[in-house]
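Coordinates from protein25.json are shown below (JSON, C-alpha atoms).
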[["chain", "number", "residue", "atom", "x", "y", "z"],
["A", 93, "MET", "CA", 73.36, 100.54, -68.00],
["A", 94, "MET", "CA", 73.41, 102.88, -70.94],
["A", 95, "ARG", "CA", 74.69, 100.10, -73.18],
["A", 96, "LEU", "CA", 72.20, 97.65, -71.72],
["A", 97, "VAL", "CA", 69.15, 99.69, -72.61],
["A", 98, "ASN", "CA", 70.29, 100.37, -76.17],
["A", 99, "SER", "CA", 71.01, 96.71, -76.87],
["A", 100, "THR", "CA", 67.50, 95.66, -75.90],
["A", 101, "ASP", "CA", 65.53, 97.86, -78.31],
["A", 102, "SER", "CA", 62.31, 96.11, -79.36],
["A", 103, "MET", "CA", 62.98, 93.25, -76.95],
["A", 104, "TYR", "CA", 61.95, 92.59, -73.42],
["A", 105, "LEU", "CA", 64.75, 92.51, -70.87],
["A", 106, "THR", "CA", 65.90, 88.99, -70.02],
["A", 107, "PRO", "CA", 66.17, 88.00, -66.33],
["A", 108, "PRO", "CA", 69.96, 88.58, -66.26],
["A", 109, "GLN", "CA", 69.47, 91.99, -67.90],
["A", 110, "GLN", "CA", 66.77, 92.87, -65.39],
["A", 111, "ARG", "CA", 69.12, 91.90, -62.55],
["A", 112, "GLU", "CA", 71.83, 94.10, -64.03],
["A", 113, "LEU", "CA", 69.41, 97.02, -64.28],
["A", 114, "MET", "CA", 68.22, 96.45, -60.71],
["A", 115, "ASP", "CA", 71.83, 96.35, -59.48],
["A", 116, "TYR", "CA", 72.45, 99.71, -61.11],
["A", 117, "ALA", "CA", 69.25, 101.16, -59.62],
["A", 118, "LYS", "CA", 70.22, 99.90, -56.16],
["A", 119, "SER", "CA", 73.65, 101.48, -56.49],
["A", 120, "LEU", "CA", 72.30, 104.93, -57.46],
["A", 121, "ARG", "CA", 71.92, 106.25, -53.94],
["A", 122, "ARG", "CA", 75.53, 105.40, -53.12],
["A", 123, "ARG", "CA", 76.68, 106.97, -56.40],
["A", 124, "PHE", "CA", 74.84, 110.21, -55.71],
["A", 125, "ASP", "CA", 76.28, 110.28, -52.18],
["A", 126, "ALA", "CA", 79.78, 110.01, -53.63],
["A", 127, "ALA", "CA", 79.02, 112.77, -56.16],
["A", 128, "ARG", "CA", 77.76, 115.05, -53.39],
["A", 129, "LYS", "CA", 80.94, 114.46, -51.39],
["A", 130, "VAL", "CA", 83.09, 115.34, -54.40],
["A", 131, "GLN", "CA", 81.05, 118.48, -54.91],
["A", 132, "GLN", "CA", 81.52, 119.48, -51.27],
["A", 133, "THR", "CA", 85.31, 119.05, -51.42],
["A", 134, "GLU", "CA", 85.95, 119.94, -55.07],
["A", 135, "SER", "CA", 88.04, 123.06, -54.43],
["A", 136, "LYS", "CA", 90.35, 121.17, -52.04],
["A", 137, "ILE", "CA", 90.66, 118.30, -54.51],
["A", 138, "LEU", "CA", 91.56, 120.64, -57.37],
["A", 139, "ASP", "CA", 93.97, 122.70, -55.26],
["A", 140, "ASP", "CA", 95.80, 119.57, -54.12],
["A", 141, "ALA", "CA", 96.00, 118.18, -57.66],
["A", 142, "LEU", "CA", 97.37, 121.42, -59.11],
["A", 143, "ALA", "CA", 99.79, 121.92, -56.20],
["A", 144, "SER", "CA", 101.21, 118.42, -56.60],
["A", 145, "VAL", "CA", 101.90, 118.98, -60.30],
["A", 146, "GLN", "CA", 103.33, 122.46, -59.73],
["A", 147, "SER", "CA", 105.77, 121.18, -57.13],
["A", 148, "ALA", "CA", 106.75, 118.17, -59.26],
["A", 149, "HIS", "CA", 107.20, 120.30, -62.39],
["A", 150, "PRO", "CA", 108.58, 123.73, -61.48],
["A", 151, "GLU", "CA", 109.91, 123.96, -65.02],
["A", 152, "ILE", "CA", 106.39, 124.65, -66.24],
["A", 153, "GLY", "CA", 106.71, 128.08, -64.73],
["A", 154, "ASP", "CA", 104.79, 130.63, -62.75],
["A", 155, "TRP", "CA", 101.13, 129.97, -61.96],
["A", 156, "SER", "CA", 99.62, 132.76, -64.01],
["A", 157, "ASP", "CA", 102.13, 132.51, -66.85],
["A", 158, "ALA", "CA", 101.29, 128.87, -67.33],
["A", 159, "GLY", "CA", 97.59, 129.69, -67.14],
["A", 160, "TRP", "CA", 97.08, 127.48, -64.09],
["A", 161, "GLU", "CA", 93.96, 129.34, -63.11],
["A", 162, "SER", "CA", 92.37, 128.44, -66.43],
["A", 163, "HIS", "CA", 93.60, 124.87, -66.12],
["A", 164, "GLY", "CA", 92.06, 124.69, -62.69],
["A", 165, "LYS", "CA", 88.65, 125.39, -64.24],
["A", 166, "ASP", "CA", 89.26, 122.85, -67.00],
["A", 167, "LEU", "CA", 90.41, 120.32, -64.45],
["A", 168, "GLY", "CA", 87.22, 120.95, -62.49],
["A", 169, "PHE", "CA", 85.23, 120.19, -65.62],
["A", 170, "ALA", "CA", 87.27, 117.00, -66.09],
["A", 171, "LEU", "CA", 86.60, 115.98, -62.48],
["A", 172, "ARG", "CA", 82.85, 116.52, -62.96],
["A", 173, "SER", "CA", 83.03, 114.40, -66.10],
["A", 174, "VAL", "CA", 84.59, 111.56, -64.11],
["A", 175, "VAL", "CA", 81.82, 111.94, -61.53],
["A", 176, "ARG", "CA", 79.16, 111.92, -64.21],
["A", 177, "GLY", "CA", 80.70, 108.81, -65.78],
["A", 178, "MET", "CA", 80.44, 107.17, -62.36],
["A", 179, "LEU", "CA", 76.81, 108.29, -61.96],
["A", 180, "VAL", "CA", 75.74, 106.81, -65.30],
["A", 181, "ASP", "CA", 78.06, 103.80, -64.95],
["A", 182, "ASP", "CA", 79.89, 104.61, -68.18],
["A", 183, "LEU", "CA", 83.67, 104.26, -68.21],
["A", 184, "GLU", "CA", 83.98, 105.85, -71.65],
["A", 185, "TYR", "CA", 82.17, 109.03, -70.73],
["A", 186, "ALA", "CA", 84.91, 110.93, -68.89],
["A", 187, "GLY", "CA", 87.45, 110.19, -71.63],
["A", 188, "ALA", "CA", 85.04, 111.17, -74.35],
["A", 189, "THR", "CA", 84.26, 114.59, -72.94],
["A", 190, "ALA", "CA", 86.37, 116.93, -70.88],
["A", 191, "VAL", "CA", 89.42, 114.77, -70.37],
["A", 192, "ASN", "CA", 90.45, 114.43, -74.00],
["A", 193, "SER", "CA", 89.94, 118.11, -74.74],
["A", 194, "LEU", "CA", 91.97, 119.10, -71.66],
["A", 195, "VAL", "CA", 94.77, 116.72, -72.59],
["A", 196, "ARG", "CA", 94.96, 118.11, -76.11],
["A", 197, "GLU", "CA", 94.90, 121.68, -74.81],
["A", 198, "LEU", "CA", 97.80, 120.99, -72.43],
["A", 199, "ARG", "CA", 99.75, 119.30, -75.18],
["A", 200, "MET", "CA", 99.33, 122.37, -77.36],
["A", 201, "LEU", "CA", 100.80, 124.38, -74.50],
["A", 202, "GLU", "CA", 103.71, 121.91, -74.59],
["A", 203, "PHE", "CA", 103.12, 120.48, -71.14],
["A", 204, "PRO", "CA", 105.37, 117.44, -70.67],
["A", 205, "PRO", "CA", 103.43, 114.15, -70.85],
["A", 206, "ASN", "CA", 104.30, 113.17, -67.29],
["A", 207, "ALA", "CA", 102.94, 116.52, -66.06],
["A", 208, "VAL", "CA", 99.67, 115.90, -67.87],
["A", 209, "ARG", "CA", 99.47, 112.40, -66.45],
["A", 210, "GLY", "CA", 100.48, 113.85, -63.07],
["A", 211, "LEU", "CA", 97.48, 116.18, -63.12],
["A", 212, "PHE", "CA", 95.05, 113.32, -63.41],
["A", 213, "ASP", "CA", 96.94, 111.12, -60.97],
["A", 214, "GLY", "CA", 96.94, 114.08, -58.58],
["A", 215, "LEU", "CA", 93.19, 114.34, -58.98],
["A", 216, "LYS", "CA", 92.76, 110.69, -58.04],
["A", 217, "THR", "CA", 95.15, 111.01, -55.07],
["A", 218, "ALA", "CA", 93.35, 114.13, -53.85],
["A", 219, "CYS", "CA", 90.01, 112.31, -54.05],
["A", 220, "ASP", "CA", 91.48, 109.45, -52.03],
["A", 221, "THR", "CA", 92.63, 112.01, -49.44],
["A", 222, "HIS", "CA", 89.47, 114.05, -49.12],
["A", 223, "LEU", "CA", 86.71, 111.49, -49.71],
["A", 224, "PRO", "CA", 85.55, 108.59, -47.54],
["A", 225, "PRO", "CA", 86.90, 105.22, -48.75],
["A", 226, "ASP", "CA", 83.62, 103.96, -50.24],
["A", 227, "SER", "CA", 83.28, 107.12, -52.34],
["A", 228, "SER", "CA", 86.84, 107.06, -53.68],
["A", 229, "GLU", "CA", 86.45, 103.33, -54.30],
["A", 230, "LEU", "CA", 83.42, 104.03, -56.54],
["A", 231, "LEU", "CA", 85.43, 106.56, -58.56],
["A", 232, "ALA", "CA", 88.55, 104.39, -58.88],
["A", 233, "PRO", "CA", 87.63, 102.53, -62.11],
["A", 234, "TYR", "CA", 86.76, 105.80, -63.83],
["A", 235, "PHE", "CA", 90.07, 107.39, -62.87],
["A", 236, "ALA", "CA", 91.85, 104.28, -64.08],
["A", 237, "LYS", "CA", 90.09, 104.66, -67.44],
["A", 238, "VAL", "CA", 91.04, 108.34, -67.60],
["A", 239, "SER", "CA", 94.74, 107.48, -66.97],
["A", 240, "SER", "CA", 94.55, 104.87, -69.68],
["A", 241, "ASP", "CA", 93.01, 107.40, -72.08],
["A", 242, "VAL", "CA", 95.73, 109.93, -71.28],
["A", 243, "ASP", "CA", 98.44, 107.35, -71.97],
["A", 244, "MET", "CA", 96.74, 106.33, -75.20],
["A", 245, "GLU", "CA", 96.49, 109.95, -76.31],
["A", 246, "PHE", "CA", 100.25, 110.38, -76.00],
["A", 247, "LYS", "CA", 101.05, 107.04, -77.62],
["A", 248, "THR", "CA", 98.68, 107.65, -80.54],
["A", 249, "THR", "CA", 99.85, 111.16, -81.26],
["A", 250, "THR", "CA", 103.53, 110.35, -80.82],
["A", 251, "ALA", "CA", 103.18, 107.41, -83.23],
["A", 252, "ALA", "CA", 101.49, 109.69, -85.77],
["B", 196, "MET", "CA", 71.39, 108.14, -77.93],
["B", 197, "ILE", "CA", 70.72, 106.27, -74.72],
["B", 198, "TYR", "CA", 67.23, 106.54, -73.34],
["B", 199, "SER", "CA", 66.37, 106.30, -69.68],
["B", 200, "ARG", "CA", 65.05, 108.77, -67.19],
["B", 201, "PRO", "CA", 68.22, 108.93, -65.02],
["B", 202, "ILE", "CA", 70.52, 108.92, -68.02],
["B", 203, "ARG", "CA", 68.43, 111.52, -69.81],
["B", 204, "THR", "CA", 68.22, 113.65, -66.65],
["B", 205, "LEU", "CA", 71.96, 113.47, -66.08],
["B", 206, "SER", "CA", 72.66, 114.29, -69.73],
["B", 207, "GLU", "CA", 71.40, 117.78, -68.89],
["B", 208, "THR", "CA", 74.10, 118.18, -66.21],
["B", 209, "LYS", "CA", 77.07, 118.66, -68.53],
["B", 210, "GLY", "CA", 79.87, 120.37, -66.61],
["B", 211, "ARG", "CA", 77.94, 120.61, -63.36],
["B", 212, "TYR", "CA", 76.71, 118.50, -60.49],
["B", 213, "PRO", "CA", 73.06, 117.39, -60.49],
["B", 214, "THR", "CA", 70.57, 119.47, -58.52],
["B", 215, "GLU", "CA", 68.58, 118.01, -55.65],
["B", 216, "ASP", "CA", 65.50, 117.78, -57.89],
["B", 217, "GLU", "CA", 67.47, 115.86, -60.52],
["B", 218, "VAL", "CA", 68.84, 113.49, -57.88],
["B", 219, "ASN", "CA", 65.35, 112.89, -56.49],
["B", 220, "GLU", "CA", 63.99, 112.26, -59.99],
["B", 221, "CYS", "CA", 66.64, 109.58, -60.59],
["B", 222, "LEU", "CA", 66.19, 107.98, -57.18],
["B", 223, "GLY", "CA", 62.41, 107.98, -57.72],
["B", 224, "TRP", "CA", 62.95, 105.96, -60.87],
["B", 225, "ALA", "CA", 65.27, 103.57, -59.02],
["B", 226, "ASP", "CA", 62.69, 103.04, -56.28],
["B", 227, "SER", "CA", 59.93, 102.37, -58.81],
["B", 228, "LEU", "CA", 61.97, 99.98, -60.96],
["B", 229, "PRO", "CA", 60.79, 96.71, -59.30],
["B", 230, "GLU", "CA", 57.19, 97.65, -60.02],
["B", 231, "ARG", "CA", 58.05, 98.67, -63.59],
["B", 232, "LEU", "CA", 59.81, 95.37, -64.22],
["B", 233, "ARG", "CA", 56.86, 93.41, -62.80],
["B", 234, "SER", "CA", 54.51, 95.21, -65.17],
["B", 235, "SER", "CA", 56.94, 94.66, -68.04],
["B", 236, "ASN", "CA", 57.08, 90.92, -67.37],
["B", 237, "LEU", "CA", 53.29, 90.71, -67.22],
["B", 238, "LEU", "CA", 52.92, 92.59, -70.50],
["B", 239, "ALA", "CA", 55.50, 90.30, -72.10],
["B", 240, "SER", "CA", 53.54, 87.25, -70.99],
["B", 241, "LYS", "CA", 50.27, 88.71, -72.28],
["B", 242, "GLU", "CA", 51.60, 90.27, -75.47],
["B", 243, "ALA", "CA", 50.28, 87.61, -77.85],
["B", 244, "ASP", "CA", 46.80, 87.75, -76.29],
["B", 245, "ILE", "CA", 46.78, 91.54, -76.37],
["B", 246, "VAL", "CA", 47.79, 91.65, -80.05],
["B", 247, "ARG", "CA", 45.25, 88.96, -80.97],
["B", 248, "GLU", "CA", 42.43, 90.81, -79.19],
["B", 249, "ALA", "CA", 43.42, 94.10, -80.78],
["B", 250, "ILE", "CA", 43.37, 92.60, -84.27],
["B", 251, "GLU", "CA", 40.00, 90.96, -83.69],
["B", 252, "GLU", "CA", 38.67, 94.33, -82.56],
["B", 253, "MET", "CA", 40.02, 96.00, -85.73],
["B", 254, "LYS", "CA", 38.58, 93.49, -88.23],
["B", 255, "PRO", "CA", 34.97, 94.65, -88.15],
["B", 256, "LYS", "CA", 36.02, 98.32, -88.19],
["B", 257, "TYR", "CA", 38.20, 97.86, -91.28],
["B", 258, "PRO", "CA", 36.66, 94.89, -93.12],
["B", 259, "ARG", "CA", 38.58, 95.49, -96.37],
["B", 260, "PHE", "CA", 42.01, 95.89, -94.75],
["B", 261, "GLY", "CA", 42.94, 92.23, -95.22],
["B", 262, "ALA", "CA", 42.19, 92.40, -98.95],
["B", 263, "GLN", "CA", 43.87, 95.76, -99.47],
["B", 264, "HIS", "CA", 47.29, 94.80, -98.11],
["B", 265, "ASP", "CA", 49.46, 91.75, -98.57],
["B", 266, "ARG", "CA", 49.65, 89.65, -95.38],
["B", 267, "ALA", "CA", 47.91, 92.51, -93.65],
["B", 268, "TYR", "CA", 47.15, 90.88, -90.33],
["B", 269, "GLU", "CA", 50.44, 88.98, -90.08],
["B", 270, "LYS", "CA", 52.40, 92.18, -90.58],
["B", 271, "GLY", "CA", 49.97, 94.08, -88.43],
["B", 272, "ALA", "CA", 50.51, 91.69, -85.54],
["B", 273, "ARG", "CA", 54.27, 91.99, -85.89],
["B", 274, "ASP", "CA", 54.05, 95.78, -85.92],
["B", 275, "LEU", "CA", 51.73, 95.95, -82.91],
["B", 276, "SER", "CA", 54.15, 93.73, -80.99],
["B", 277, "SER", "CA", 57.00, 96.13, -81.76],
["B", 278, "LEU", "CA", 54.94, 99.12, -80.68],
["B", 279, "ILE", "CA", 54.05, 97.41, -77.40],
["B", 280, "ARG", "CA", 57.68, 96.51, -76.72],
["B", 281, "TYR", "CA", 58.86, 100.07, -77.22],
["B", 282, "ALA", "CA", 56.11, 101.35, -74.93],
["B", 283, "VAL", "CA", 57.19, 98.80, -72.33],
["B", 284, "GLN", "CA", 60.86, 99.82, -72.66],
["B", 285, "ALA", "CA", 59.79, 103.42, -72.17],
["B", 286, "MET", "CA", 57.95, 102.40, -69.03],
["B", 287, "VAL", "CA", 60.95, 100.48, -67.65],
["B", 288, "VAL", "CA", 63.31, 103.41, -68.18],
["B", 289, "ASP", "CA", 60.64, 106.04, -67.42],
["B", 290, "ASP", "CA", 61.08, 108.03, -70.59],
["B", 291, "VAL", "CA", 57.85, 108.64, -72.43],
["B", 292, "GLU", "CA", 59.66, 110.41, -75.31],
["B", 293, "MET", "CA", 61.98, 107.53, -76.15],
["B", 294, "PRO", "CA", 59.68, 105.44, -78.40],
["B", 295, "LYS", "CA", 58.70, 108.49, -80.42],
["B", 296, "GLU", "CA", 62.34, 109.30, -81.07],
["B", 297, "LYS", "CA", 63.34, 105.72, -81.84],
["B", 298, "LEU", "CA", 60.34, 104.23, -83.62],
["B", 299, "TYR", "CA", 56.96, 105.94, -83.66],
["B", 300, "VAL", "CA", 57.79, 108.85, -85.99],
["B", 301, "TRP", "CA", 59.58, 106.57, -88.45],
["B", 302, "TYR", "CA", 56.78, 104.01, -88.23],
["B", 303, "GLY", "CA", 54.16, 106.67, -88.98],
["B", 304, "THR", "CA", 56.11, 107.65, -92.09],
["B", 305, "ILE", "CA", 56.16, 104.06, -93.31],
["B", 306, "ILE", "CA", 52.48, 103.28, -92.78],
["B", 307, "ARG", "CA", 51.50, 106.62, -94.32],
["B", 308, "SER", "CA", 53.41, 105.61, -97.44],
["B", 309, "LEU", "CA", 51.28, 102.44, -97.49],
["B", 310, "GLY", "CA", 48.11, 104.51, -97.45],
["B", 311, "LEU", "CA", 47.19, 103.78, -93.84],
["B", 312, "THR", "CA", 45.41, 106.75, -92.31],
["B", 313, "PRO", "CA", 46.13, 108.36, -88.92],
["B", 314, "ALA", "CA", 42.65, 107.24, -87.86],
["B", 315, "PHE", "CA", 43.57, 103.65, -88.64],
["B", 316, "ALA", "CA", 46.83, 103.97, -86.69],
["B", 317, "LYS", "CA", 44.97, 105.53, -83.77],
["B", 318, "ASP", "CA", 42.31, 102.83, -83.77],
["B", 319, "SER", "CA", 44.97, 100.08, -83.85],
["B", 320, "CYS", "CA", 46.84, 101.51, -80.92],
["B", 321, "GLN", "CA", 43.62, 102.18, -79.01],
["B", 322, "ALA", "CA", 42.69, 98.54, -79.55],
["B", 323, "VAL", "CA", 46.04, 97.54, -78.03],
["B", 324, "TYR", "CA", 45.46, 99.91, -75.11],
["B", 325, "ASP", "CA", 41.97, 98.49, -74.46],
["B", 326, "ALA", "CA", 43.17, 94.89, -74.74],
["B", 327, "ALA", "CA", 46.04, 95.57, -72.31],
["B", 328, "ARG", "CA", 43.60, 97.06, -69.83],
["B", 329, "ARG", "CA", 41.46, 93.93, -70.04],
["B", 330, "GLN", "CA", 44.39, 91.52, -69.82],
["B", 331, "LEU", "CA", 46.35, 93.09, -66.97],
["B", 332, "ALA", "CA", 45.64, 93.54, -63.29],
["B", 333, "PRO", "CA", 44.89, 97.21, -62.50],
["B", 334, "ASP", "CA", 48.16, 97.98, -60.74],
["B", 335, "ALA", "CA", 50.21, 96.51, -63.60],
["B", 336, "PHE", "CA", 48.14, 98.36, -66.20],
["B", 337, "ASN", "CA", 48.24, 101.67, -64.33],
["B", 338, "ILE", "CA", 52.01, 101.92, -64.44],
["B", 339, "ALA", "CA", 52.03, 101.12, -68.19],
["B", 340, "GLU", "CA", 49.05, 103.35, -68.97],
["B", 341, "PRO", "CA", 50.86, 106.66, -69.67],
["B", 342, "TYR", "CA", 53.21, 104.96, -72.12],
["B", 343, "LEU", "CA", 50.41, 103.13, -73.92],
["B", 344, "ALA", "CA", 48.42, 106.38, -74.07],
["B", 345, "ARG", "CA", 51.39, 108.19, -75.63],
["B", 346, "MET", "CA", 51.73, 105.34, -78.11],
["B", 347, "ILE", "CA", 48.22, 106.13, -79.41],
["B", 348, "GLU", "CA", 49.02, 109.83, -79.71],
["B", 349, "ASP", "CA", 52.53, 109.59, -81.17],
["B", 350, "VAL", "CA", 52.02, 106.75, -83.65],
["B", 351, "SER", "CA", 49.02, 108.50, -85.25],
["B", 352, "ALA", "CA", 50.61, 111.95, -85.38],
["B", 353, "TYR", "CA", 51.27, 112.10, -89.11],
["B", 354, "PRO", "CA", 49.53, 113.74, -92.07],
["B", 355, "GLU", "CA", 46.85, 112.00, -94.11],
["B", 356, "PRO", "CA", 48.32, 109.85, -96.88],
["B", 357, "MET", "CA", 48.11, 111.10, -100.45],
["B", 358, "LYS", "CA", 46.20, 107.96, -101.45],
["B", 359, "PRO", "CA", 44.40, 106.39, -98.50],
["B", 360, "SER", "CA", 44.31, 102.64, -98.78],
["B", 361, "VAL", "CA", 42.21, 101.48, -95.91],
["B", 362, "ASN", "CA", 38.39, 101.37, -96.08]]

Give the structure from this file in structure tokens form.
Amino acid sequence: MMRLVNSTDSMYLTPPQQRELMDYAKSLRRRFDAARKVQQTESKILDDALASVQSAHPEIGDWSDAGWESHGKDLGFALRSVVRGMLVDDLEYAGATAVNSLVRELRMLEFPPNAVRGLFDGLKTACDTHLPPDSSELLAPYFAKVSSDVDMEFKTTTAA
Amino acid sequence: MIYSRPIRTLSETKGRYPTEDEVNECLGWADSLPERLRSSNLLASKEADIVREAIEEMKPKYPRFGAQHDRAYEKGARDLSSLIRYAVQAMVVDDVEMPKEKLYVWYGTIIRSLGLTPAFAKDSCQAVYDAARRQLAPDAFNIAEPYLARMIEDVSAYPEPMKPSVN
């Protein structure tokens, strides 16, 4: 929808564009419901995601030594960015904001790539666990984009 | 920058979830969208008539305008159409600030450089407003009214030109 409005500057919306805008408007209530459900279960989602990565990667070390508490906050910000991308129907948004900065931060701390990817996969899995199916289904494309962005970040930087 | 009431509202929610007021604001826009689109379609269908009426209203007020500027009324009609379309877009997305940020301020700078006074700009936009009110059914006009009213205010909000070139 964001792209739609920009591309129609100084023009009237065509019938297909109006239908697309109406579809977005009709979907807003469902989107906000999903966002509210994430908000209500955010701490469980984040705990599950961090726990899954900790157990899969004990080599990263003790919770506080690795700064997990700080990463939990950053991961919460990343989760809210995914939710906001879903609310405004913009796949690029989550990658462009918190996700990329978190990925780069973890790389600087020398987190292994599969641990970084595991964090975001764990986030998605935790959402699937704690949210009703229609809510996690709404978020799925945005998580898929985030995973793709994480993979691209490692490919791009490794190539460089 | 993307302009729309829900998008603009949610752009303020960086790093947090939207409040209940913000959610209600967005859902209010969604509920009103069919009416906004109906008004938009009516304005689109009446645009040529509105612009024509507005220009005819301006001619006696500024009788020398046509002689003072090359293709004055042709360009004027084109410009008024653009102003209307931005006002209509603002109405559809429920963001009264959007046209000012995207067009009106820049447009005021341009017409000032041509010697067109703020009074002239205001009269032109008022003529559009009055013509729209005559052309549209009341319910269609009422939803567009705040955006057309802002058009008058924002387009004419620039300093007097150094060398006025209109009447």

message: Measuring between only C-alpha atoms, which one of A:Val195, A:Phe124, A:Asp226, A:Thr106 shows the shortest distance to Glu217 of chain B?
response: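 Between A:Val195, A:Phe124, A:Asp226, A:Thr106, the residue approaching Glu217 of chain B most closely is A:Phe124.
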
- request: Please provide as a list in words all residues within 12 Å of Ala267 of chain B, with the sequence filter that same-chain residues fewer than 5 positions apart are discarded (counting only C-alpha atoms).
  value: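 The filter keeps Ile250, Met253, Lys254, Tyr257, Pro258, Arg259, Phe260, Gly261, Ala262, Ala272, Arg273, Asp274, Leu275, Ile306, Leu309, Leu311, Ser360 and Val361 of chain B.
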
Let's have the selection written as a PDB file, in the frame of the given file, with C-alpha atoms.
ATOM      1  CA  ILE B 250      43.370  92.600 -84.270  1.00  0.00           C
ATOM      2  CA  MET B 253      40.020  96.000 -85.730  1.00  0.00           C
ATOM      3  CA  LYS B 254      38.580  93.490 -88.230  1.00  0.00           C
ATOM      4  CA  TYR B 257      38.200  97.860 -91.280  1.00  0.00           C
ATOM      5  CA  PRO B 258      36.660  94.890 -93.120  1.00  0.00           C
ATOM      6  CA  ARG B 259      38.580  95.490 -96.370  1.00  0.00           C
ATOM      7  CA  PHE B 260      42.010  95.890 -94.750  1.00  0.00           C
ATOM      8  CA  GLY B 261      42.940  92.230 -95.220  1.00  0.00           C
ATOM      9  CA  ALA B 262      42.190  92.400 -98.950  1.00  0.00           C
ATOM     10  CA  ALA B 272      50.510  91.690 -85.540  1.00  0.00           C
ATOM     11  CA  ARG B 273      54.270  91.990 -85.890  1.00  0.00           C
ATOM     12  CA  ASP B 274      54.050  95.780 -85.920  1.00  0.00           C
ATOM     13  CA  LEU B 275      51.730  95.950 -82.910  1.00  0.00           C
ATOM     14  CA  ILE B 306      52.480 103.280 -92.780  1.00  0.00           C
ATOM     15  CA  LEU B 309      51.280 102.440 -97.490  1.00  0.00           C
ATOM     16  CA  LEU B 311      47.190 103.780 -93.840  1.00  0.00           C
ATOM     17  CA  SER B 360      44.310 102.640 -98.780  1.00  0.00           C
ATOM     18  CA  VAL B 361      42.210 101.480 -95.910  1.00  0.00           C
TER      19      VAL B 361
END

- request: Counting all atoms listed in the file, collect the residues of chain B whose closest atom lies at most 10 Å from chain A, and write them out as a VMD selection string.
  value: chain B and resid 196 to 199 201 to 203 205 to 206 208 to 215 218 to 219 221 to 229 232 235 to 236 238 to 239 276 to 284 287 to 288 294 297 to 298

Point-to-point distance in Å for atom CA of Ser234 of chain B and atom CA of Asp216 of chain B: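 Taking atom CA of Asp216 of chain B as the start and atom CA of Ser234 of chain B as the end point, the length is 26.1 Å.
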
message: As an exercise, work out the distance from atom CA of Glu202 of chain A to atom CA of Val145 of chain A in Å and give it to one decimal place.
response: 14.7 Å

query: Which distance in Å separates atom CA of Glu348 of chain B and atom CA of Cys320 of chain B, to one decimal?
result: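 A separation of 8.7 Å between them.
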
So that I can check the surroundings of Ala352 of chain B, please list as a short mmCIF file (atom, residue, chain, number, x, y, z; two decimals) with C-alpha atoms, keeping the file's coordinate frame every protein, DNA and RNA residue that reaches within 9 Å of it, counting only C-alpha atoms and ignoring chain neighbours fewer than 3 positions away.
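What ended up in selection.cif:
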data_model
loop_
_atom_site.label_atom_id
_atom_site.label_comp_id
_atom_site.auth_asym_id
_atom_site.auth_seq_id
_atom_site.Cartn_x
_atom_site.Cartn_y
_atom_site.Cartn_z
CA TYR B 299 56.96 105.94 -83.66
CA VAL B 300 57.79 108.85 -85.99
CA GLY B 303 54.16 106.67 -88.98
CA PRO B 313 46.13 108.36 -88.92
CA ALA B 316 46.83 103.97 -86.69
CA LYS B 317 44.97 105.53 -83.77
CA ILE B 347 48.22 106.13 -79.41
CA GLU B 348 49.02 109.83 -79.71
CA ASP B 349 52.53 109.59 -81.17
#

query: Contacts of Asn192 of chain A at 9 Å or less, counting only C-alpha atoms, minus same-chain residues fewer than 6 places along, as number ranges by chain?
result: A: 170, 186, 238, 241-242, 245

- prompt: Neighbours of Leu142 of chain A within 9 Å (all atoms listed in the file; same-chain residues fewer than 3 positions away dropped), as a VMD selection string?
  reply: chain A and resid 137 to 139 145 to 147 160 163 to 164 167 211 214 to 215

Draw an axis-aligned box tight on the listed atoms of segment 215-226 of chain B, then pad every side by 6 Å and write out centre and edge lengths in Å to one decimal as JSON.
{"center_x": 65.6, "center_y": 110.5, "center_z": -58.3, "size_x": 18.4, "size_y": 27.0, "size_z": 17.2}

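Residues in contact with Ala232 of chain A at up to 10 Å, not including ones fewer than 2 positions away on its chain and judged by all atoms listed in the file, are Val174, Met178, Lys216, Cys219, Asp220, Asp226, Ser227, Ser228, Glu229, Leu230, Tyr234, Phe235, Ala236, Lys237 and Val238 of chain A.
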